[in-house]
file coords_12.txt (compact mmCIF, C-alpha atoms)
# COMPACT_ATOMS: atom_id res chain seq x y z
CA MET A 1 0.00 0.00 0.00
CA SER A 2 1.41 3.39 -0.88
CA GLY A 3 2.14 5.99 1.77
CA MET A 4 -0.53 8.25 0.32
CA VAL A 5 -3.23 5.60 0.64
CA LYS A 6 -2.18 4.82 4.20
CA ILE A 7 -2.44 8.47 5.16
CA LEU A 8 -5.83 8.84 3.52
CA LEU A 9 -7.26 5.75 5.17
CA PHE A 10 -5.89 6.72 8.59
CA ALA A 11 -7.30 10.22 8.31
CA ALA A 12 -10.66 8.82 7.23
CA SER A 13 -10.81 6.42 10.17
CA LEU A 14 -9.94 9.16 12.65
CA ALA A 15 -12.54 11.48 11.22
CA ALA A 16 -15.11 8.73 11.42
CA CYS A 17 -14.46 7.78 15.06
CA VAL A 18 -13.99 11.14 16.76
CA PRO A 19 -17.17 13.16 17.21
CA ALA A 20 -17.27 16.74 16.14
CA ALA A 21 -18.48 18.97 18.91
CA ALA A 22 -21.76 19.89 17.31
CA ALA A 23 -22.27 16.77 15.22
CA GLY A 24 -25.32 14.56 15.47
CA ALA A 25 -25.22 10.83 16.11
CA GLN A 26 -24.75 9.98 12.44
CA ALA A 27 -21.64 12.09 12.02
CA ALA A 28 -20.28 11.44 15.49
CA CYS A 29 -20.87 7.73 15.87
CA GLY A 30 -21.30 6.28 12.40
CA GLY A 31 -17.63 5.59 11.81
CA CYS A 32 -17.55 2.87 14.43
CA HIS A 33 -21.20 1.99 15.15
CA ALA A 34 -23.85 0.79 12.69
CA LEU A 35 -26.69 3.31 12.88
CA SER A 36 -28.89 1.68 10.26
CA ARG A 37 -29.56 -1.99 9.65
CA PRO A 38 -26.71 -3.50 7.64
CA ASP A 39 -27.51 -5.58 4.57
CA PHE A 40 -26.88 -8.87 6.34
CA ASP A 41 -27.99 -10.99 3.39
CA ARG A 42 -25.39 -9.43 1.17
CA LEU A 43 -22.59 -9.00 3.67
CA GLY A 44 -22.83 -12.30 5.52
CA ILE A 45 -20.39 -12.63 8.43
CA THR A 46 -18.11 -10.08 6.80
CA GLU A 47 -20.30 -7.50 8.48
CA ARG A 48 -19.37 -8.87 11.91
CA LEU A 49 -15.73 -9.46 11.05
CA GLU A 50 -15.39 -5.78 10.18
CA ARG A 51 -17.39 -4.34 13.08
CA LYS A 52 -15.56 -1.93 15.34
CA ALA A 53 -18.19 -1.38 18.03
CA PRO A 54 -21.66 -2.47 19.15
CA PRO A 55 -24.46 -1.77 16.64
CA LEU A 56 -26.74 1.13 17.54
CA TRP A 57 -29.43 0.76 14.89
CA TYR A 58 -31.84 -0.61 17.50
CA ALA A 59 -30.52 1.48 20.40
CA GLY A 60 -33.97 2.83 21.25
CA ASN A 61 -35.23 -0.69 21.92
CA LYS A 62 -32.16 -1.63 23.93
CA TYR A 63 -30.90 1.13 26.18
CA ARG A 64 -32.29 3.18 29.03
CA ARG A 65 -32.07 6.80 28.01
CA GLU A 66 -30.86 8.01 31.40
CA TRP A 67 -27.96 5.57 31.26
CA LEU A 68 -27.00 6.69 27.76
CA VAL A 69 -26.90 10.34 28.79
CA GLN A 70 -24.76 9.57 31.81
CA TRP A 71 -22.40 7.13 30.07
CA LEU A 72 -21.78 9.34 27.05
CA GLN A 73 -20.46 12.04 29.36
CA ALA A 74 -18.17 9.70 31.28
CA PRO A 75 -17.67 6.53 29.22
CA THR A 76 -16.36 3.44 30.98
CA ARG A 77 -15.20 0.22 29.37
CA LEU A 78 -17.99 -2.36 29.20
CA LEU A 79 -15.97 -4.89 27.19
CA ALA A 80 -12.74 -5.60 29.02
CA ALA A 81 -11.03 -7.01 25.94
CA GLY A 82 -12.66 -4.78 23.34
CA TYR A 83 -15.33 -5.69 20.81
CA PHE A 84 -15.07 -9.18 19.32
CA PRO A 85 -14.01 -10.62 16.98
CA ASN A 86 -11.57 -7.78 16.31
CA ALA A 87 -10.85 -7.31 19.96
CA ALA A 88 -7.65 -5.77 21.23
CA ILE A 89 -6.00 -8.98 22.35
CA ARG A 90 -2.42 -10.14 22.19
CA SER A 91 -1.10 -13.65 22.21
CA THR A 92 1.35 -14.34 25.06
CA ALA A 93 3.07 -17.40 26.48
CA GLU A 94 0.26 -17.60 29.04
CA GLY A 95 -2.47 -17.30 26.42
CA ASP A 96 -4.45 -14.41 24.98
CA GLU A 97 -4.90 -11.27 27.05
CA PRO A 98 -6.29 -7.78 26.49
CA ASP A 99 -3.76 -5.43 24.91
CA PRO A 100 -4.13 -2.13 26.78
CA ASP A 101 -2.23 -0.26 24.08
CA ARG A 102 -4.82 -1.18 21.45
CA LEU A 103 -8.03 -0.82 23.45
CA PRO A 104 -9.94 2.10 21.94
CA LYS A 105 -11.18 4.91 24.16
CA HIS A 106 -14.67 6.25 23.65
CA PRO A 107 -14.83 10.04 23.47
CA ALA A 108 -16.70 11.87 26.22
CA LEU A 109 -19.49 14.26 25.26
CA SER A 110 -20.76 17.36 26.96
CA ARG A 111 -24.13 17.18 28.73
CA ALA A 112 -25.86 18.91 25.82
CA GLU A 113 -24.23 16.64 23.25
CA ALA A 114 -25.07 13.56 25.29
CA GLU A 115 -28.72 14.59 25.55
CA SER A 116 -28.87 15.25 21.83
CA VAL A 117 -27.19 11.97 20.83
CA ALA A 118 -29.35 10.04 23.30
CA ASP A 119 -32.47 11.53 21.72
CA GLU A 120 -31.33 10.45 18.28
CA LEU A 121 -30.44 6.96 19.46
CA MET A 122 -33.65 6.48 21.41
CA ALA A 123 -35.60 7.18 18.22
CA LYS A 124 -34.10 4.05 16.64
CA LYS A 125 -36.72 1.42 17.39
CA PRO A 126 -36.95 -1.11 14.55
CA HIS A 127 -37.59 -3.94 17.00
CA ASP A 128 -40.75 -2.65 18.70
CA ALA A 129 -42.45 -5.94 17.85
CA LEU A 130 -39.79 -7.93 19.71
CA ILE A 131 -40.16 -5.66 22.73
CA ALA A 132 -43.95 -5.96 22.64
CA ALA A 133 -43.66 -9.76 22.53
CA ALA A 134 -41.19 -9.91 25.44
CA ARG A 135 -42.49 -11.69 28.51
CA TYR A 136 -40.86 -10.73 31.79
CA GLU A 137 -42.50 -11.39 35.11
CA PRO A 138 -40.34 -9.58 37.67
CA GLY A 139 -39.42 -11.72 40.61
CA SER A 140 -36.70 -12.09 43.16
CA VAL A 141 -33.79 -14.46 43.28
CA ASN A 142 -31.39 -15.47 46.01
CA ARG A 143 -27.93 -14.12 45.22
CA ARG A 144 -26.14 -17.44 45.76
CA MET A 145 -28.63 -19.40 43.68
CA GLY A 146 -28.64 -16.73 40.99
CA ALA A 147 -24.85 -16.83 40.80
CA MET A 148 -24.88 -20.63 40.49
CA ASP A 149 -27.50 -20.47 37.76
CA PHE A 150 -25.51 -17.80 35.89
CA GLY A 151 -22.15 -19.52 36.24
CA LYS A 152 -22.52 -23.26 36.74
CA PHE A 153 -25.86 -24.10 35.15
CA LYS A 154 -26.22 -21.71 32.22
CA GLY A 155 -22.54 -21.05 31.59
CA CYS A 156 -22.97 -17.29 31.07
CA GLN A 157 -19.78 -16.78 33.04
CA ALA A 158 -17.71 -18.17 30.19
CA CYS A 159 -17.99 -14.81 28.44
CA HIS A 160 -19.57 -12.39 30.94
CA GLN A 161 -18.71 -11.06 34.38
CA ASP A 162 -21.42 -10.92 37.04
CA GLU A 163 -19.07 -9.07 39.37
CA PRO A 164 -15.83 -7.23 38.66
CA GLY A 165 -13.02 -9.68 37.99
CA LYS A 166 -15.25 -12.78 37.98
CA GLY A 167 -15.95 -14.32 34.60
CA GLY A 168 -14.93 -14.05 30.96
CA LEU A 169 -13.85 -10.93 29.14
CA SER A 170 -15.29 -11.27 25.65
CA GLY A 171 -18.89 -10.35 26.45
CA PRO A 172 -20.09 -7.11 28.01
CA GLU A 173 -19.94 -6.91 31.79
CA LEU A 174 -23.32 -7.81 33.20
CA TYR A 175 -23.16 -6.39 36.72
CA THR A 176 -24.12 -3.08 35.14
CA ALA A 177 -26.56 -4.50 32.57
CA TRP A 178 -29.68 -3.61 34.52
CA GLN A 179 -28.66 0.03 34.65
CA ARG A 180 -28.18 0.33 30.91
CA LEU A 181 -30.66 -2.10 29.31
CA THR A 182 -34.44 -2.29 29.35
CA PRO A 183 -35.84 -5.43 31.03
CA GLU A 184 -37.79 -6.28 27.88
CA TYR A 185 -34.63 -6.14 25.80
CA ILE A 186 -32.78 -8.36 28.28
CA VAL A 187 -35.32 -11.18 28.16
CA SER A 188 -35.97 -10.86 24.44
CA PHE A 189 -32.27 -10.87 23.55
CA ILE A 190 -31.54 -13.88 25.77
CA ALA A 191 -34.49 -15.73 24.22
CA ASP A 192 -33.46 -15.12 20.62
CA PRO A 193 -30.27 -13.10 20.05
CA LYS A 194 -30.31 -13.59 16.28
CA ALA A 195 -33.72 -11.95 16.01
CA TRP A 196 -31.98 -8.79 17.22
CA ASP A 197 -28.69 -9.16 15.44
CA PRO A 198 -28.22 -11.77 12.69
CA ASN A 199 -24.46 -11.74 13.29
CA THR A 200 -24.57 -11.91 17.05
CA ILE A 201 -22.01 -14.05 18.86
CA MET A 202 -24.39 -14.57 21.75
CA PRO A 203 -25.64 -18.17 21.63
CA ARG A 204 -29.31 -18.96 21.97
CA MET A 205 -29.95 -21.41 24.75
CA GLU A 206 -32.90 -23.70 25.23
CA MET A 207 -34.70 -21.92 28.07
CA ASN A 208 -38.35 -21.30 28.84
CA ASP A 209 -39.70 -17.89 29.84
CA ALA A 210 -39.40 -18.68 33.56
CA ALA A 211 -35.72 -19.59 33.26
CA ILE A 212 -35.02 -16.43 31.27
CA SER A 213 -36.90 -14.30 33.79
CA LYS A 214 -34.80 -15.86 36.55
CA LEU A 215 -31.63 -14.75 34.79
CA ALA A 216 -33.11 -11.27 34.34
CA ASP A 217 -33.98 -11.21 38.05
CA TYR A 218 -30.34 -12.01 38.81
CA LEU A 219 -29.15 -9.17 36.58
CA LYS A 220 -31.58 -6.89 38.38
CA LEU A 221 -30.21 -8.02 41.75
CA ILE A 222 -26.52 -7.57 40.87
CA GLY A 223 -27.29 -4.34 39.03
CA GLY A 224 -28.83 -2.77 42.08
CA GLY A 225 -32.40 -2.98 40.80
CA GLN A 226 -33.83 -4.54 43.95
CA MET B 227 -0.63 8.62 -6.85
CA ARG B 228 -0.90 6.06 -9.61
CA MET B 229 -1.38 3.41 -6.92
CA LEU B 230 -4.15 5.51 -5.37
CA HIS B 231 -5.98 5.61 -8.70
CA VAL B 232 -5.81 1.85 -8.89
CA MET B 233 -6.88 1.24 -5.30
CA LEU B 234 -9.81 3.61 -4.89
CA PRO B 235 -12.01 1.96 -7.54
CA ALA B 236 -11.13 -1.40 -6.02
CA LEU B 237 -12.19 -0.18 -2.56
CA LEU B 238 -15.43 1.17 -3.94
CA LEU B 239 -16.21 -1.94 -5.94
CA GLY B 240 -15.48 -4.08 -2.89
CA GLY B 241 -18.68 -2.81 -1.27
CA THR B 242 -21.04 -4.07 -3.96
CA GLY B 243 -22.21 -7.39 -5.28
CA ALA B 244 -23.07 -10.66 -3.58
CA ALA B 245 -21.47 -11.74 -0.34
CA ARG B 246 -18.38 -13.83 -0.81
CA ALA B 247 -18.31 -17.24 0.80
CA GLU B 248 -16.97 -17.28 4.34
CA THR B 249 -14.18 -19.57 5.39
CA GLY B 250 -13.83 -21.92 8.35
CA ALA B 251 -11.00 -19.75 9.66
CA GLU B 252 -13.28 -16.71 9.66
CA LEU B 253 -16.05 -18.59 11.44
CA TYR B 254 -13.49 -19.77 13.99
CA ARG B 255 -12.30 -16.20 14.53
CA MET B 256 -15.89 -15.05 15.00
CA TYR B 257 -17.24 -17.74 17.31
CA CYS B 258 -14.34 -19.65 18.88
CA VAL B 259 -11.22 -17.60 19.60
CA GLN B 260 -12.72 -15.93 22.66
CA CYS B 261 -12.32 -19.19 24.56
CA HIS B 262 -10.17 -21.46 22.39
CA GLY B 263 -7.64 -18.74 21.66
CA SER B 264 -6.23 -16.90 18.70
CA GLN B 265 -3.77 -19.78 18.32
CA GLY B 266 -6.43 -22.46 18.83
CA ASP B 267 -4.55 -23.78 21.85
CA GLY B 268 -7.42 -23.43 24.34
CA ARG B 269 -6.00 -20.30 25.94
CA GLY B 270 -8.38 -17.63 24.78
CA VAL B 271 -9.01 -14.42 26.64
CA ASN B 272 -11.89 -16.04 28.56
CA ALA B 273 -9.94 -19.14 29.57
CA LYS B 274 -8.23 -17.67 32.63
CA SER B 275 -11.52 -17.45 34.50
CA MET B 276 -12.56 -21.04 33.80
CA ASP B 277 -12.23 -24.03 36.10
CA VAL B 278 -12.31 -26.31 33.07
CA LEU B 279 -10.04 -25.09 30.30
CA PRO B 280 -11.35 -25.01 26.72
CA ARG B 281 -10.20 -27.79 24.41
CA ASN B 282 -6.77 -27.34 22.85
CA HIS B 283 -7.58 -27.65 19.17
CA ARG B 284 -3.89 -27.98 18.37
CA ASP B 285 -3.61 -31.23 20.29
CA PRO B 286 -3.63 -34.06 17.70
CA VAL B 287 -4.10 -36.77 20.34
CA GLU B 288 -7.15 -35.20 22.00
CA MET B 289 -8.65 -34.10 18.72
CA GLY B 290 -7.83 -37.39 17.03
CA ALA B 291 -9.98 -39.16 19.60
CA ARG B 292 -13.07 -37.34 18.31
CA GLN B 293 -15.01 -38.22 15.19
CA ASP B 294 -16.15 -35.40 12.93
CA ALA B 295 -19.73 -36.17 13.95
CA ASP B 296 -18.80 -35.66 17.63
CA LEU B 297 -17.22 -32.30 16.87
CA ALA B 298 -20.26 -31.21 14.88
CA LYS B 299 -22.55 -32.31 17.72
CA VAL B 300 -20.68 -30.35 20.38
CA ILE B 301 -20.57 -27.24 18.19
CA ARG B 302 -24.28 -27.56 17.48
CA GLU B 303 -25.53 -28.68 20.89
CA GLY B 304 -22.88 -27.55 23.36
CA GLY B 305 -20.57 -29.24 25.84
CA LYS B 306 -23.44 -30.52 27.93
CA SER B 307 -24.60 -32.73 25.06
CA ILE B 308 -21.48 -34.89 25.39
CA ASN B 309 -21.23 -34.61 29.19
CA LYS B 310 -18.58 -31.92 28.96
CA SER B 311 -18.54 -28.35 30.27
CA VAL B 312 -21.63 -26.17 30.12
CA LEU B 313 -19.23 -23.32 29.37
CA MET B 314 -19.14 -24.54 25.76
CA PRO B 315 -22.46 -23.17 24.47
CA SER B 316 -24.67 -24.59 21.76
CA TRP B 317 -24.20 -22.76 18.48
CA GLY B 318 -26.91 -24.62 16.58
CA HIS B 319 -29.17 -21.58 16.43
CA ASN B 320 -26.39 -19.29 15.24
CA LEU B 321 -24.79 -21.51 12.61
CA THR B 322 -26.10 -23.32 9.57
CA GLU B 323 -25.23 -26.98 9.07
CA GLU B 324 -22.85 -25.92 6.33
CA GLN B 325 -21.08 -23.53 8.69
CA VAL B 326 -20.79 -26.26 11.33
CA ALA B 327 -19.19 -28.52 8.71
CA MET B 328 -16.78 -25.73 7.74
CA LEU B 329 -15.76 -25.33 11.36
CA VAL B 330 -15.18 -29.06 11.73
CA ARG B 331 -12.94 -29.00 8.66
CA HIS B 332 -11.06 -26.03 10.11
CA LEU B 333 -10.56 -27.87 13.41
CA ARG B 334 -8.93 -30.70 11.46
CA THR B 335 -6.51 -28.28 9.87
CA LEU B 336 -5.64 -26.85 13.30
CA CYS B 337 -4.98 -30.15 14.98
CA CYS B 338 -3.72 -32.40 12.32
CA GLU B 339 -2.34 -30.73 9.27
CA LYS B 340 1.20 -29.48 9.33
CA LYS B 341 1.78 -26.05 7.89
CA PRO B 342 3.85 -26.09 4.71
call {"tool": "encode", "arguments": {"input": "coords_12.txt", "output": "structure tokens"}}
result
Amino acid sequence: MSGMVKILLFAASLAACVPAAAAGAQAACGGCHALSRPDFDRLGITERLERKAPPLWYAGNKYRREWLVQWLQAPTRLLAAGYFPNAAIRSTAEGDEPDPDRLPKHPALSRAEAESVADELMAKKPHDALIAAARYEPGSVNRRMGAMDFGKFKGCQACHQDEPGKGGLSGPELYTAWQRLTPEYIVSFIADPKAWDPNTIMPRMEMNDAAISKLADYLKLIGGGQ
Amino acid sequence: MRMLHVMLPALLLGGTGAARAETGAELYRMYCVQCHGSQGDGRGVNAKSMDVLPRNHRDPVEMGARQDADLAKVIREGGKSINKSVLMPSWGHNLTEEQVAMLVRHLRTLCCEKKP
């Protein structure tokens, strides 16, 4: 690749990932996040292999607005190893580990920018039907039993952490999930992840509504929702 | 600049047309490396937190003891289906049968085919 092409591509990627102060969600976020539904039929898994960040085209069905506004002003890392499969990992003699030098940092927005971007994102609701069909009967779960269900019985701990430092690194941390996600999204996504994202790397497990609600109750408990 | 003229149309054209066929290596990178590792040696970024380590797909003895049908079953139905760890999930809802077969073929290249 010529030096000129390298410079052009680098400049383009920077421009795409760093939000301009007064830019809307499309200009600010579109370089890394999908803001409209990708053409999955045409792209196949290439779409996922080239993703840089979580898709936002159904953000309004997924996130709690108040969390978005808060997080956008003071972003924290929700994926300890970055976004898979192009995560920032390095191969070492002890196995793969997150590469801190390659983990991207999300820009922080001002309060006004965060409110504006959150409004735009919350308007993205292509999956209203999935939310309407979601069945969640809130209940309570014992912390020890919930942890066993999460870790030993369902195996969620392979990829997710239910407390800091406990569990896998490839999936988003789940001890903060209740604060950022709607309950309907949580149960619907667990029930059928591909209905939300055809290229998801979240497996669908054979669980009935009660079992899924129990997992959601556990996320509520560890997320400070009860 | 001549190179730029050649590359830009190629970049633009790359975004059109039918999807190209995926490879077993790409499917492995998408679904497996988190646990089984970027080298396929069972030491993925998730492995450190596990009591039972993921299978080392580079181990010809361990992998040689499994039939292709067994590998396809565990990919499709998860570790529990063969009395192994529940930490290996079932990918049967995410993958087509053709993709499962591609992954099995890729596992055979990892374990048992020497690189030229």
call {"tool": "closest_atom_pairs", "arguments": {"input": "coords_12.txt", "of": "chain A", "to": "chain B", "cutoff": "6 Å", "atoms": "all atoms listed in the file", "output": "Markdown table"}}
result
| residue | atom | partner | partner_atom | distance |
| --- | --- | --- | --- | --- |
| A:Arg42 | CA | B:Ala245 | CA | 4.8 |
| A:Leu43 | CA | B:Ala245 | CA | 5.0 |
| A:Pro85 | CA | B:Met256 | CA | 5.2 |
| A:Gly95 | CA | B:Arg269 | CA | 4.7 |
| A:Asp96 | CA | B:Val271 | CA | 4.9 |
| A:Glu97 | CA | B:Val271 | CA | 5.2 |
| A:Gly155 | CA | B:Leu313 | CA | 4.6 |
| A:Ala158 | CA | B:Leu313 | CA | 5.4 |
| A:Gly167 | CA | B:Ser275 | CA | 5.4 |
| A:Gly168 | CA | B:Asn272 | CA | 4.4 |
| A:Leu169 | CA | B:Asn272 | CA | 5.5 |
| A:Pro203 | CA | B:Trp317 | CA | 5.8 |
call {"tool": "atom_distance", "arguments": {"input": "coords_12.txt", "atom1": "CA of Ala195 (chain A)", "atom2": "CA of Ile131 (chain A)"}}
result
11.2 Å
call {"tool": "residues_around", "arguments": {"input": "coords_12.txt", "residues": "region 213-222 of chain A", "least_positions_apart": "3", "cutoff": "12 Å", "atoms": "all atoms listed in the file", "output": "JSON, numbers by chain"}}
result
{"A": [134, 135, 136, 137, 138, 139, 140, 141, 142, 143, 144, 145, 146, 147, 148, 149, 150, 151, 153, 154, 155, 156, 160, 161, 162, 163, 164, 173, 174, 175, 176, 177, 178, 179, 180, 181, 182, 183, 184, 185, 186, 187, 188, 189, 190, 191, 207, 208, 209, 210, 225, 226]}
call {"tool": "write_last_selection", "arguments": {"input": "coords_12.txt", "atoms": "C-alpha atoms", "output": "PDB file, keeping the file's coordinate frame"}}
result
ATOM      1  CA  ALA A 134     -41.190  -9.910  25.440  1.00  0.00           C
ATOM      2  CA  ARG A 135     -42.490 -11.690  28.510  1.00  0.00           C
ATOM      3  CA  TYR A 136     -40.860 -10.730  31.790  1.00  0.00           C
ATOM      4  CA  GLU A 137     -42.500 -11.390  35.110  1.00  0.00           C
ATOM      5  CA  PRO A 138     -40.340  -9.580  37.670  1.00  0.00           C
ATOM      6  CA  GLY A 139     -39.420 -11.720  40.610  1.00  0.00           C
ATOM      7  CA  SER A 140     -36.700 -12.090  43.160  1.00  0.00           C
ATOM      8  CA  VAL A 141     -33.790 -14.460  43.280  1.00  0.00           C
ATOM      9  CA  ASN A 142     -31.390 -15.470  46.010  1.00  0.00           C
ATOM     10  CA  ARG A 143     -27.930 -14.120  45.220  1.00  0.00           C
ATOM     11  CA  ARG A 144     -26.140 -17.440  45.760  1.00  0.00           C
ATOM     12  CA  MET A 145     -28.630 -19.400  43.680  1.00  0.00           C
ATOM     13  CA  GLY A 146     -28.640 -16.730  40.990  1.00  0.00           C
ATOM     14  CA  ALA A 147     -24.850 -16.830  40.800  1.00  0.00           C
ATOM     15  CA  MET A 148     -24.880 -20.630  40.490  1.00  0.00           C
ATOM     16  CA  ASP A 149     -27.500 -20.470  37.760  1.00  0.00           C
ATOM     17  CA  PHE A 150     -25.510 -17.800  35.890  1.00  0.00           C
ATOM     18  CA  GLY A 151     -22.150 -19.520  36.240  1.00  0.00           C
ATOM     19  CA  PHE A 153     -25.860 -24.100  35.150  1.00  0.00           C
ATOM     20  CA  LYS A 154     -26.220 -21.710  32.220  1.00  0.00           C
ATOM     21  CA  GLY A 155     -22.540 -21.050  31.590  1.00  0.00           C
ATOM     22  CA  CYS A 156     -22.970 -17.290  31.070  1.00  0.00           C
ATOM     23  CA  HIS A 160     -19.570 -12.390  30.940  1.00  0.00           C
ATOM     24  CA  GLN A 161     -18.710 -11.060  34.380  1.00  0.00           C
ATOM     25  CA  ASP A 162     -21.420 -10.920  37.040  1.00  0.00           C
ATOM     26  CA  GLU A 163     -19.070  -9.070  39.370  1.00  0.00           C
ATOM     27  CA  PRO A 164     -15.830  -7.230  38.660  1.00  0.00           C
ATOM     28  CA  GLU A 173     -19.940  -6.910  31.790  1.00  0.00           C
ATOM     29  CA  LEU A 174     -23.320  -7.810  33.200  1.00  0.00           C
ATOM     30  CA  TYR A 175     -23.160  -6.390  36.720  1.00  0.00           C
ATOM     31  CA  THR A 176     -24.120  -3.080  35.140  1.00  0.00           C
ATOM     32  CA  ALA A 177     -26.560  -4.500  32.570  1.00  0.00           C
ATOM     33  CA  TRP A 178     -29.680  -3.610  34.520  1.00  0.00           C
ATOM     34  CA  GLN A 179     -28.660   0.030  34.650  1.00  0.00           C
ATOM     35  CA  ARG A 180     -28.180   0.330  30.910  1.00  0.00           C
ATOM     36  CA  LEU A 181     -30.660  -2.100  29.310  1.00  0.00           C
ATOM     37  CA  THR A 182     -34.440  -2.290  29.350  1.00  0.00           C
ATOM     38  CA  PRO A 183     -35.840  -5.430  31.030  1.00  0.00           C
ATOM     39  CA  GLU A 184     -37.790  -6.280  27.880  1.00  0.00           C
ATOM     40  CA  TYR A 185     -34.630  -6.140  25.800  1.00  0.00           C
ATOM     41  CA  ILE A 186     -32.780  -8.360  28.280  1.00  0.00           C
ATOM     42  CA  VAL A 187     -35.320 -11.180  28.160  1.00  0.00           C
ATOM     43  CA  SER A 188     -35.970 -10.860  24.440  1.00  0.00           C
ATOM     44  CA  PHE A 189     -32.270 -10.870  23.550  1.00  0.00           C
ATOM     45  CA  ILE A 190     -31.540 -13.880  25.770  1.00  0.00           C
ATOM     46  CA  ALA A 191     -34.490 -15.730  24.220  1.00  0.00           C
ATOM     47  CA  MET A 207     -34.700 -21.920  28.070  1.00  0.00           C
ATOM     48  CA  ASN A 208     -38.350 -21.300  28.840  1.00  0.00           C
ATOM     49  CA  ASP A 209     -39.700 -17.890  29.840  1.00  0.00           C
ATOM     50  CA  ALA A 210     -39.400 -18.680  33.560  1.00  0.00           C
ATOM     51  CA  GLY A 225     -32.400  -2.980  40.800  1.00  0.00           C
ATOM     52  CA  GLN A 226     -33.830  -4.540  43.950  1.00  0.00           C
TER      53      GLN A 226
END
call {"tool": "residues_around", "arguments": {"input": "coords_12.txt", "residues": "Pro172 (chain A)", "least_positions_apart": "6", "cutoff": "10 Å", "atoms": "all atoms listed in the file", "output": "MDAnalysis selection string"}}
result
chainID A and resid 77:83 159:162
call {"tool": "closest_residue", "arguments": {"input": "coords_12.txt", "among": "A:Asp197, A:Ala112, A:Ala132, A:Phe84", "to": "Ala34 (chain A)", "atoms": "only C-alpha atoms"}}
result
A:Asp197
call {"tool": "residues_around", "arguments": {"input": "coords_12.txt", "residues": "region 289-296 of chain B", "least_positions_apart": "5", "cutoff": "10 Å", "atoms": "only C-alpha atoms", "output": "PyMOL selection string"}}
result
chain B and resi 281-284+301-302+307-308+327+330-331+333-334+336-338
call {"tool": "write_last_selection", "arguments": {"input": "coords_12.txt", "atoms": "C-alpha atoms", "output": "PDB file, in the coordinates of the input"}}
result
ATOM      1  CA  ARG B 281     -10.200 -27.790  24.410  1.00  0.00           C
ATOM      2  CA  ASN B 282      -6.770 -27.340  22.850  1.00  0.00           C
ATOM      3  CA  HIS B 283      -7.580 -27.650  19.170  1.00  0.00           C
ATOM      4  CA  ARG B 284      -3.890 -27.980  18.370  1.00  0.00           C
ATOM      5  CA  ILE B 301     -20.570 -27.240  18.190  1.00  0.00           C
ATOM      6  CA  ARG B 302     -24.280 -27.560  17.480  1.00  0.00           C
ATOM      7  CA  SER B 307     -24.600 -32.730  25.060  1.00  0.00           C
ATOM      8  CA  ILE B 308     -21.480 -34.890  25.390  1.00  0.00           C
ATOM      9  CA  ALA B 327     -19.190 -28.520   8.710  1.00  0.00           C
ATOM     10  CA  VAL B 330     -15.180 -29.060  11.730  1.00  0.00           C
ATOM     11  CA  ARG B 331     -12.940 -29.000   8.660  1.00  0.00           C
ATOM     12  CA  LEU B 333     -10.560 -27.870  13.410  1.00  0.00           C
ATOM     13  CA  ARG B 334      -8.930 -30.700  11.460  1.00  0.00           C
ATOM     14  CA  LEU B 336      -5.640 -26.850  13.300  1.00  0.00           C
ATOM     15  CA  CYS B 337      -4.980 -30.150  14.980  1.00  0.00           C
ATOM     16  CA  CYS B 338      -3.720 -32.400  12.320  1.00  0.00           C
TER      17      CYS B 338
END
call {"tool": "atom_distance", "arguments": {"input": "coords_12.txt", "atom1": "CA of Met122 (chain A)", "atom2": "CA of Arg65 (chain A)"}}
result
6.8 Å
call {"tool": "atom_distance", "arguments": {"input": "coords_12.txt", "atom1": "CA of Leu329 (chain B)", "atom2": "CA of Val300 (chain B)"}}
result
11.4 Å
call {"tool": "build_atoms", "arguments": {"input": "coords_12.txt", "residues": "region 270-279 of chain B", "atoms": "N, CA and C atoms", "output": "PDB file, keeping the file's coordinate frame"}}
result
ATOM      1  N   GLY B 270      -7.779 -18.886  25.196  1.00  0.00           N
ATOM      2  CA  GLY B 270      -8.380 -17.630  24.780  1.00  0.00           C
ATOM      3  C   GLY B 270      -8.501 -16.659  25.943  1.00  0.00           C
ATOM      4  N   VAL B 271      -8.969 -15.475  25.631  1.00  0.00           N
ATOM      5  CA  VAL B 271      -9.010 -14.420  26.640  1.00  0.00           C
ATOM      6  C   VAL B 271     -10.001 -14.753  27.762  1.00  0.00           C
ATOM      7  N   ASN B 272     -10.948 -15.631  27.508  1.00  0.00           N
ATOM      8  CA  ASN B 272     -11.890 -16.040  28.560  1.00  0.00           C
ATOM      9  C   ASN B 272     -11.360 -17.180  29.412  1.00  0.00           C
ATOM     10  N   ALA B 273     -10.339 -17.870  28.943  1.00  0.00           N
ATOM     11  CA  ALA B 273      -9.940 -19.140  29.570  1.00  0.00           C
ATOM     12  C   ALA B 273      -9.445 -18.979  31.005  1.00  0.00           C
ATOM     13  N   LYS B 274      -8.833 -17.843  31.291  1.00  0.00           N
ATOM     14  CA  LYS B 274      -8.230 -17.670  32.630  1.00  0.00           C
ATOM     15  C   LYS B 274      -9.257 -17.761  33.746  1.00  0.00           C
ATOM     16  N   SER B 275     -10.500 -17.453  33.447  1.00  0.00           N
ATOM     17  CA  SER B 275     -11.520 -17.450  34.500  1.00  0.00           C
ATOM     18  C   SER B 275     -12.218 -18.810  34.633  1.00  0.00           C
ATOM     19  N   MET B 276     -11.824 -19.762  33.829  1.00  0.00           N
ATOM     20  CA  MET B 276     -12.560 -21.040  33.800  1.00  0.00           C
ATOM     21  C   MET B 276     -11.905 -22.111  34.658  1.00  0.00           C
ATOM     22  N   ASP B 277     -12.739 -22.885  35.338  1.00  0.00           N
ATOM     23  CA  ASP B 277     -12.230 -24.030  36.100  1.00  0.00           C
ATOM     24  C   ASP B 277     -11.826 -25.157  35.150  1.00  0.00           C
ATOM     25  N   VAL B 278     -12.605 -25.300  34.081  1.00  0.00           N
ATOM     26  CA  VAL B 278     -12.310 -26.310  33.070  1.00  0.00           C
ATOM     27  C   VAL B 278     -11.825 -25.576  31.825  1.00  0.00           C
ATOM     28  N   LEU B 279     -10.596 -25.831  31.435  1.00  0.00           N
ATOM     29  CA  LEU B 279     -10.040 -25.090  30.300  1.00  0.00           C
ATOM     30  C   LEU B 279     -10.652 -25.556  28.983  1.00  0.00           C
TER      31      LEU B 279
END
